[in-house]
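Enquirer: Structure file query_15.pdb (PDB, C-alpha atoms) right here:
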```pdb
ATOM      1  CA  LEU K  11      36.709  73.947 145.092  1.00  0.00           C
ATOM      2  CA  HIS K  12      33.258  75.088 146.199  1.00  0.00           C
ATOM      3  CA  ASN K  13      34.567  78.558 146.958  1.00  0.00           C
ATOM      4  CA  GLN K  14      36.379  78.891 143.645  1.00  0.00           C
ATOM      5  CA  LEU K  15      33.422  77.625 141.595  1.00  0.00           C
ATOM      6  CA  ARG K  16      31.322  80.353 143.230  1.00  0.00           C
ATOM      7  CA  GLU K  17      34.050  82.938 142.514  1.00  0.00           C
ATOM      8  CA  GLU K  18      34.314  81.932 138.844  1.00  0.00           C
ATOM      9  CA  LEU K  19      30.690  81.055 137.987  1.00  0.00           C
ATOM     10  CA  GLY K  20      28.597  83.042 140.480  1.00  0.00           C
ATOM     11  CA  THR K  21      26.894  82.732 143.843  1.00  0.00           C
ATOM     12  CA  HIS K  22      24.114  80.568 142.374  1.00  0.00           C
ATOM     13  CA  VAL K  23      26.592  77.658 142.619  1.00  0.00           C
ATOM     14  CA  HIS K  24      25.908  75.410 145.598  1.00  0.00           C
ATOM     15  CA  GLN K  25      27.196  71.977 146.536  1.00  0.00           C
ATOM     16  CA  ALA K  26      24.729  69.247 145.583  1.00  0.00           C
ATOM     17  CA  GLY K  27      26.690  66.217 146.781  1.00  0.00           C
ATOM     18  CA  SER K  28      30.228  64.988 147.152  1.00  0.00           C
ATOM     19  CA  LEU K  29      32.595  62.121 147.742  1.00  0.00           C
ATOM     20  CA  VAL K  30      35.932  62.753 149.422  1.00  0.00           C
ATOM     21  CA  ALA K  31      38.474  59.941 149.439  1.00  0.00           C
ATOM     22  CA  PRO K  32      42.193  60.136 150.275  1.00  0.00           C
ATOM     23  CA  GLU K  33      43.351  60.662 146.677  1.00  0.00           C
ATOM     24  CA  ARG K  34      40.249  61.595 144.695  1.00  0.00           C
ATOM     25  CA  LEU K  35      37.028  63.498 144.977  1.00  0.00           C
ATOM     26  CA  ARG K  36      33.682  63.980 143.310  1.00  0.00           C
ATOM     27  CA  PHE K  37      31.896  67.304 143.694  1.00  0.00           C
ATOM     28  CA  ASP K  38      28.344  67.878 142.445  1.00  0.00           C
ATOM     29  CA  PHE K  39      27.131  71.453 142.184  1.00  0.00           C
ATOM     30  CA  THR K  40      24.297  73.548 140.811  1.00  0.00           C
ATOM     31  CA  HIS K  41      25.028  75.208 137.473  1.00  0.00           C
ATOM     32  CA  SER K  42      23.089  75.154 134.220  1.00  0.00           C
ATOM     33  CA  ALA K  43      25.897  75.008 131.654  1.00  0.00           C
ATOM     34  CA  MET K  44      29.077  73.110 130.911  1.00  0.00           C
ATOM     35  CA  LEU K  45      32.167  74.944 132.132  1.00  0.00           C
ATOM     36  CA  THR K  46      34.338  76.407 129.403  1.00  0.00           C
ATOM     37  CA  GLN K  47      37.977  75.368 129.324  1.00  0.00           C
ATOM     38  CA  ASP K  48      38.932  78.891 130.471  1.00  0.00           C
ATOM     39  CA  GLU K  49      36.542  78.665 133.452  1.00  0.00           C
ATOM     40  CA  LEU K  50      37.806  75.216 134.410  1.00  0.00           C
ATOM     41  CA  ASP K  51      41.443  76.302 134.050  1.00  0.00           C
ATOM     42  CA  ALA K  52      40.813  79.348 136.258  1.00  0.00           C
ATOM     43  CA  VAL K  53      39.145  77.206 138.944  1.00  0.00           C
ATOM     44  CA  VAL K  54      42.010  74.668 138.940  1.00  0.00           C
ATOM     45  CA  ARG K  55      44.669  77.389 138.979  1.00  0.00           C
ATOM     46  CA  ASN K  56      42.961  79.233 141.860  1.00  0.00           C
ATOM     47  CA  VAL K  57      42.342  76.061 143.893  1.00  0.00           C
ATOM     48  CA  ASN K  58      46.023  75.124 143.570  1.00  0.00           C
ATOM     49  CA  THR K  59      47.089  78.657 144.534  1.00  0.00           C
ATOM     50  CA  LEU K  60      44.964  78.457 147.687  1.00  0.00           C
ATOM     51  CA  ILE K  61      46.286  74.983 148.503  1.00  0.00           C
ATOM     52  CA  LEU K  62      49.902  76.078 148.085  1.00  0.00           C
ATOM     53  CA  SER K  63      49.282  79.145 150.273  1.00  0.00           C
ATOM     54  CA  ASN K  64      49.106  76.639 153.147  1.00  0.00           C
ATOM     55  CA  TYR K  65      46.208  78.224 154.997  1.00  0.00           C
ATOM     56  CA  PRO K  66      45.205  76.739 158.339  1.00  0.00           C
ATOM     57  CA  VAL K  67      41.944  74.772 158.429  1.00  0.00           C
ATOM     58  CA  ASN K  68      40.242  75.494 161.752  1.00  0.00           C
ATOM     59  CA  VAL K  69      37.318  73.729 163.375  1.00  0.00           C
ATOM     60  CA  HIS K  70      34.943  75.383 165.801  1.00  0.00           C
ATOM     61  CA  TYR K  71      31.395  74.832 166.987  1.00  0.00           C
ATOM     62  CA  ASP K  72      28.726  77.496 166.817  1.00  0.00           C
ATOM     63  CA  ASN K  73      25.017  78.051 166.990  1.00  0.00           C
ATOM     64  CA  TYR K  74      23.539  77.234 163.550  1.00  0.00           C
ATOM     65  CA  LYS K  75      21.954  80.665 163.012  1.00  0.00           C
ATOM     66  CA  ASP K  76      25.099  82.494 164.140  1.00  0.00           C
ATOM     67  CA  ALA K  77      27.318  80.374 161.884  1.00  0.00           C
ATOM     68  CA  VAL K  78      25.154  80.964 158.805  1.00  0.00           C
ATOM     69  CA  SER K  79      24.771  84.690 159.529  1.00  0.00           C
ATOM     70  CA  ALA K  80      28.589  84.882 159.851  1.00  0.00           C
ATOM     71  CA  GLY K  81      28.869  83.519 156.297  1.00  0.00           C
ATOM     72  CA  ALA K  82      29.243  79.761 156.742  1.00  0.00           C
ATOM     73  CA  MET K  83      27.874  77.854 153.748  1.00  0.00           C
ATOM     74  CA  ALA K  84      25.200  75.283 154.566  1.00  0.00           C
ATOM     75  CA  LEU K  85      24.066  72.548 152.204  1.00  0.00           C
ATOM     76  CA  PHE K  86      20.497  72.988 151.070  1.00  0.00           C
ATOM     77  CA  GLY K  87      18.312  70.075 152.084  1.00  0.00           C
ATOM     78  CA  GLU K  88      20.678  69.033 154.891  1.00  0.00           C
ATOM     79  CA  LYS K  89      19.321  68.967 158.411  1.00  0.00           C
ATOM     80  CA  TYR K  90      21.458  70.642 161.053  1.00  0.00           C
ATOM     81  CA  GLY K  91      21.133  70.721 164.813  1.00  0.00           C
ATOM     82  CA  ASP K  92      21.269  73.831 166.968  1.00  0.00           C
ATOM     83  CA  VAL K  93      25.042  73.515 167.350  1.00  0.00           C
ATOM     84  CA  VAL K  94      27.058  72.954 164.159  1.00  0.00           C
ATOM     85  CA  ARG K  95      30.642  72.163 163.249  1.00  0.00           C
ATOM     86  CA  VAL K  96      32.155  75.018 161.227  1.00  0.00           C
ATOM     87  CA  ILE K  97      35.269  74.577 159.098  1.00  0.00           C
ATOM     88  CA  ARG K  98      37.061  77.866 158.464  1.00  0.00           C
ATOM     89  CA  THR K  99      40.007  78.123 156.072  1.00  0.00           C
ATOM     90  CA  GLY K 100      42.260  81.165 156.383  1.00  0.00           C
ATOM     91  CA  TRP K 101      44.522  82.925 158.839  1.00  0.00           C
ATOM     92  CA  PRO K 102      42.753  83.963 162.053  1.00  0.00           C
ATOM     93  CA  GLY K 103      41.974  87.689 162.060  1.00  0.00           C
ATOM     94  CA  GLU K 104      42.490  87.942 158.288  1.00  0.00           C
ATOM     95  CA  GLN K 105      40.323  87.250 155.260  1.00  0.00           C
ATOM     96  CA  ILE K 106      38.487  83.937 155.470  1.00  0.00           C
ATOM     97  CA  ILE K 107      39.053  81.868 152.313  1.00  0.00           C
ATOM     98  CA  SER K 108      36.267  79.394 152.943  1.00  0.00           C
ATOM     99  CA  GLN K 109      33.769  78.763 155.726  1.00  0.00           C
ATOM    100  CA  GLU K 110      31.350  75.860 155.636  1.00  0.00           C
ATOM    101  CA  LEU K 111      29.316  73.624 157.870  1.00  0.00           C
ATOM    102  CA  CYS K 112      30.983  70.223 157.698  1.00  0.00           C
ATOM    103  CA  GLY K 113      30.891  66.885 159.441  1.00  0.00           C
ATOM    104  CA  GLY K 114      34.612  66.280 159.273  1.00  0.00           C
ATOM    105  CA  THR K 115      37.924  67.838 158.363  1.00  0.00           C
ATOM    106  CA  HIS K 116      40.522  66.078 156.334  1.00  0.00           C
ATOM    107  CA  VAL K 117      43.583  68.320 156.774  1.00  0.00           C
ATOM    108  CA  SER K 118      44.854  70.870 159.249  1.00  0.00           C
ATOM    109  CA  MET K 119      46.669  72.990 156.624  1.00  0.00           C
ATOM    110  CA  THR K 120      45.683  73.338 152.964  1.00  0.00           C
ATOM    111  CA  ALA K 121      49.116  72.305 151.616  1.00  0.00           C
ATOM    112  CA  GLU K 122      48.465  68.806 153.006  1.00  0.00           C
ATOM    113  CA  ILE K 123      46.024  68.370 150.105  1.00  0.00           C
ATOM    114  CA  GLY K 124      48.836  68.394 147.532  1.00  0.00           C
ATOM    115  CA  PRO K 125      48.287  69.027 143.834  1.00  0.00           C
ATOM    116  CA  PHE K 126      44.694  69.296 142.588  1.00  0.00           C
ATOM    117  CA  LEU K 127      43.754  68.173 139.056  1.00  0.00           C
ATOM    118  CA  VAL K 128      40.343  67.933 137.425  1.00  0.00           C
ATOM    119  CA  LEU K 129      39.841  64.700 135.490  1.00  0.00           C
ATOM    120  CA  SER K 130      36.363  65.452 134.179  1.00  0.00           C
ATOM    121  CA  GLU K 131      33.443  67.855 134.367  1.00  0.00           C
ATOM    122  CA  GLY K 132      29.983  66.900 133.159  1.00  0.00           C
ATOM    123  CA  SER K 133      26.252  66.854 133.696  1.00  0.00           C
ATOM    124  CA  VAL K 134      24.589  64.426 136.110  1.00  0.00           C
ATOM    125  CA  GLY K 135      21.079  65.853 135.825  1.00  0.00           C
ATOM    126  CA  ALA K 136      19.109  68.984 135.068  1.00  0.00           C
ATOM    127  CA  GLY K 137      21.070  71.913 136.460  1.00  0.00           C
ATOM    128  CA  ILE K 138      23.586  69.670 138.273  1.00  0.00           C
ATOM    129  CA  ARG K 139      27.223  69.385 137.199  1.00  0.00           C
ATOM    130  CA  ARG K 140      29.910  67.025 138.505  1.00  0.00           C
ATOM    131  CA  ILE K 141      33.644  67.491 138.807  1.00  0.00           C
ATOM    132  CA  GLU K 142      35.834  64.420 139.274  1.00  0.00           C
ATOM    133  CA  ALA K 143      39.308  65.306 140.516  1.00  0.00           C
ATOM    134  CA  VAL K 144      42.430  63.865 142.070  1.00  0.00           C
ATOM    135  CA  THR K 145      44.653  65.255 144.788  1.00  0.00           C
ATOM    136  CA  GLY K 146      47.856  64.375 146.574  1.00  0.00           C
ATOM    137  CA  ARG K 147      49.445  61.072 145.586  1.00  0.00           C
ATOM    138  CA  GLY K 148      46.571  60.388 143.196  1.00  0.00           C
ATOM    139  CA  ALA K 149      47.400  63.604 141.338  1.00  0.00           C
ATOM    140  CA  GLN K 150      51.128  62.815 141.389  1.00  0.00           C
ATOM    141  CA  GLY K 151      50.482  59.369 139.904  1.00  0.00           C
ATOM    142  CA  PHE K 152      48.201  60.859 137.258  1.00  0.00           C
ATOM    143  CA  ILE K 153      50.812  63.481 136.299  1.00  0.00           C
ATOM    144  CA  LEU K 154      53.585  60.876 136.009  1.00  0.00           C
ATOM    145  CA  GLU K 155      51.380  58.559 133.954  1.00  0.00           C
ATOM    146  CA  ARG K 156      50.432  61.369 131.553  1.00  0.00           C
ATOM    147  CA  LEU K 157      54.027  62.585 131.230  1.00  0.00           C
ATOM    148  CA  ASN K 158      55.145  59.034 130.399  1.00  0.00           C
ATOM    149  CA  LYS K 159      52.413  58.686 127.778  1.00  0.00           C
ATOM    150  CA  MET K 160      53.370  62.037 126.284  1.00  0.00           C
ATOM    151  CA  SER K 161      57.068  61.067 126.179  1.00  0.00           C
ATOM    152  CA  ASN K 162      56.207  57.723 124.546  1.00  0.00           C
ATOM    153  CA  ALA K 163      53.983  59.390 121.944  1.00  0.00           C
ATOM    154  CA  ALA K 164      56.725  61.925 121.183  1.00  0.00           C
ATOM    155  CA  ALA K 165      59.256  59.102 120.758  1.00  0.00           C
ATOM    156  CA  TYR K 166      56.913  57.252 118.363  1.00  0.00           C
ATOM    157  CA  LEU K 167      56.576  60.445 116.312  1.00  0.00           C
ATOM    158  CA  LEU K 168      60.331  61.192 116.456  1.00  0.00           C
ATOM    159  CA  CYS K 169      59.974  64.555 118.173  1.00  0.00           C
ATOM    160  CA  GLY K 170      60.393  66.119 121.581  1.00  0.00           C
ATOM    161  CA  PRO K 171      57.468  66.296 124.044  1.00  0.00           C
ATOM    162  CA  ASP K 172      57.211  70.062 123.586  1.00  0.00           C
ATOM    163  CA  GLU K 173      56.739  69.538 119.811  1.00  0.00           C
ATOM    164  CA  LEU K 174      54.113  66.805 120.195  1.00  0.00           C
ATOM    165  CA  ASP K 175      50.979  68.830 119.412  1.00  0.00           C
ATOM    166  CA  ARG K 176      52.489  70.287 116.214  1.00  0.00           C
ATOM    167  CA  LYS K 177      53.836  66.878 115.132  1.00  0.00           C
ATOM    168  CA  VAL K 178      50.410  65.249 115.630  1.00  0.00           C
ATOM    169  CA  GLN K 179      48.762  68.013 113.606  1.00  0.00           C
ATOM    170  CA  ASP K 180      51.347  67.620 110.799  1.00  0.00           C
ATOM    171  CA  THR K 181      50.903  63.839 110.814  1.00  0.00           C
ATOM    172  CA  LEU K 182      47.115  64.165 110.593  1.00  0.00           C
ATOM    173  CA  GLU K 183      47.458  66.592 107.674  1.00  0.00           C
ATOM    174  CA  GLN K 184      49.820  64.160 105.916  1.00  0.00           C
ATOM    175  CA  LEU K 185      47.360  61.319 106.504  1.00  0.00           C
ATOM    176  CA  GLN K 186      44.484  63.374 105.130  1.00  0.00           C
ATOM    177  CA  THR K 187      46.520  64.253 102.018  1.00  0.00           C
ATOM    178  CA  ALA K 188      47.484  60.597 101.522  1.00  0.00           C
ATOM    179  CA  GLN K 189      43.844  59.481 101.909  1.00  0.00           C
ATOM    180  CA  LYS K 190      42.717  62.004  99.282  1.00  0.00           C
ATOM    181  CA  GLU K 191      45.501  60.849  96.917  1.00  0.00           C
ATOM    182  CA  LEU K 192      44.534  57.205  97.459  1.00  0.00           C
ATOM    183  CA  ALA K 193      40.883  58.012  96.716  1.00  0.00           C
ATOM    184  CA  ARG K 194      41.933  59.813  93.481  1.00  0.00           C
ATOM    185  CA  THR K 195      44.114  56.862  92.496  1.00  0.00           C
ATOM    186  CA  ARG K 196      41.262  54.399  93.100  1.00  0.00           C
ATOM    187  CA  ARG K 197      38.916  56.474  90.943  1.00  0.00           C
TER     188      ARG K 197
END
```
Could I get this structure in the form of structure tokens?

Expert:
Amino acid sequence: LHNQLREELGTHVHQAGSLVAPERLRFDFTHSAMLTQDELDAVVRNVNTLILSNYPVNVHYDNYKDAVSAGAMALFGEKYGDVVRVIRTGWPGEQIISQELCGGTHVSMTAEIGPFLVLSEGSVGAGIRRIEAVTGRGAQGFILERLNKMSNAAAYLLCGPDELDRKVQDTLEQLQTAQKELARTRR
């Protein structure tokens, strides 16, 4: 996620905090504006592409200065010792997808993460944005819940799920027309 935010928004983006749980995550990062839907869609699409590519996630230890000079991302404000734990994602000898200083790994291959979905993106302070997301079983549960809600809504509106957006728009237009007619009748 960090890597793809930097790819999409620019290298000014840096992690400003996070929470990683088995099925959800929170990622705070530096950026001055709300992400557009196109930017967010691109980030989600690219993160899922990288996950599905099933890259190995390798751990090694290095001297702090050597790790940073080799391109490992360090969190600003964090204190590191002389020897640091470096997490490198990508095939050895090929392009590195991501390389960061990290206290712990969570997977050995990226596909173990499962689907990645953003639930929300918003501001948590001046120049700090937050993405709340779900992965793995949390994402699967979210997808199933949303598909069920969409199917139920389509059934209520007597249409198929793929016609739902058009049917809602038509229904809102009919409601607006009826409200205008009722207002005329009352006058």

Enquirer: If the PyMOL selection byres ((chain K and resi 95) around 9) is run on the structure shown, which residues does it catch, given as a VMD selection string?

Expert: chain K and resid 69 to 74 77 93 to 94 96 to 97 110 to 114

Enquirer: Next, dump the selected residues to file, keeping only C-alpha atoms, as an mmCIF file, in the frame of the given file.

Expert:
```
data_model
loop_
_atom_site.group_PDB
_atom_site.id
_atom_site.type_symbol
_atom_site.label_atom_id
_atom_site.label_comp_id
_atom_site.auth_asym_id
_atom_site.auth_seq_id
_atom_site.Cartn_x
_atom_site.Cartn_y
_atom_site.Cartn_z
ATOM 1 C CA VAL K 69 37.318 73.729 163.375
ATOM 2 C CA HIS K 70 34.943 75.383 165.801
ATOM 3 C CA TYR K 71 31.395 74.832 166.987
ATOM 4 C CA ASP K 72 28.726 77.496 166.817
ATOM 5 C CA ASN K 73 25.017 78.051 166.990
ATOM 6 C CA TYR K 74 23.539 77.234 163.550
ATOM 7 C CA ALA K 77 27.318 80.374 161.884
ATOM 8 C CA VAL K 93 25.042 73.515 167.350
ATOM 9 C CA VAL K 94 27.058 72.954 164.159
ATOM 10 C CA VAL K 96 32.155 75.018 161.227
ATOM 11 C CA ILE K 97 35.269 74.577 159.098
ATOM 12 C CA GLU K 110 31.350 75.860 155.636
ATOM 13 C CA LEU K 111 29.316 73.624 157.870
ATOM 14 C CA CYS K 112 30.983 70.223 157.698
ATOM 15 C CA GLY K 113 30.891 66.885 159.441
ATOM 16 C CA GLY K 114 34.612 66.280 159.273
#
```

Enquirer: Enumerate, as JSON, numbers by chain, the residues matched when the PyMOL selection byres ((chain K and resi 28-44) around 9) is run on the file above.

Expert: {"K": [11, 12, 15, 19, 22, 23, 24, 25, 26, 27, 45, 46, 116, 123, 131, 132, 133, 134, 136, 137, 138, 139, 140, 141, 142, 143, 144, 145, 146, 147, 148, 149]}

Enquirer: Find the distance between atom CA of K:Thr195 and atom CA of K:Leu182 and write it in Å to one decimal.

Expert: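 Atom-to-atom, atom CA of K:Thr195 and atom CA of K:Leu182 are spaced 19.7 Å apart.
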
Enquirer: For the PyMOL selection byres ((chain K and resi 83) around 7), applied here, can you spell out every residue it catches as a VMD selection string?

Expert: chain K and resid 78 81 to 82 84 to 85 109 to 111

Enquirer: If we count only C-alpha atoms and set the cut-off at 12 Å, which residues sit around K:Pro102, ignoring sequence neighbours fewer than 5 positions away in its own chain? Please answer as a PyMOL selection string.

Expert: chain K and resi 65-69+107

Enquirer: Go through K:Ile61, K:Leu154, K:Ala80, K:Ala165 and flag the residue nearest K:Thr99, using all atoms listed in the file for the distances.

Expert: K:Ile61

Enquirer: For each of K:Asn162, K:Thr59, K:Asp92, K:Pro125, take the minimum atom-to-atom distance to K:Lys75, counting all atoms listed in the file, then give the residue where this is smallest.

Expert: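 The shortest atom-to-atom distance to K:Lys75 comes from K:Asp92.
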
Enquirer: Separation of atom CA of K:Ala52 and atom CA of K:Gly20, in Å?

Expert: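 Value for the atom CA of K:Ala52-atom CA of K:Gly20 distance: 13.4 Å.
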
Enquirer: Just the number, please: distance in Å from atom CA of K:Met160 to atom CA of K:Arg55, one decimal.

Expert: 21.7 Å

Enquirer: Please determine, counting all atoms listed in the file, which residue among K:Asn158, K:Gln179, K:Ser130, K:Thr187 has the shortest atom-to-atom distance to K:Asp51.

Expert: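 Looking only at the distances to K:Asp51, the closest residue turns out to be K:Ser130.
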
Enquirer: Write out as lines of an AutoDock Vina configuration file an axis-aligned box for stretch 62-75 of chain K: all of its atoms listed in the file, 4 Å added on each side, centre and edge lengths in Å with one decimal.

Expert:
```
center_x = 35.9
center_y = 77.2
center_z = 157.5
size_x = 35.9
size_y = 14.9
size_z = 26.9
```

Enquirer: Give the answer as one residue: which of K:Leu62, K:Met119, K:Leu50, K:Leu174 has the shortest atom-to-atom distance to K:Glu17, using only C-alpha atoms?

Expert: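 Among the listed residues, K:Leu50 lies closest to K:Glu17.
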
Enquirer: When distances are computed from only C-alpha atoms, which of K:Trp101, K:Gln189, K:Thr120, K:Glu49 shows the smallest separation from K:Asn64?

Expert: K:Thr120
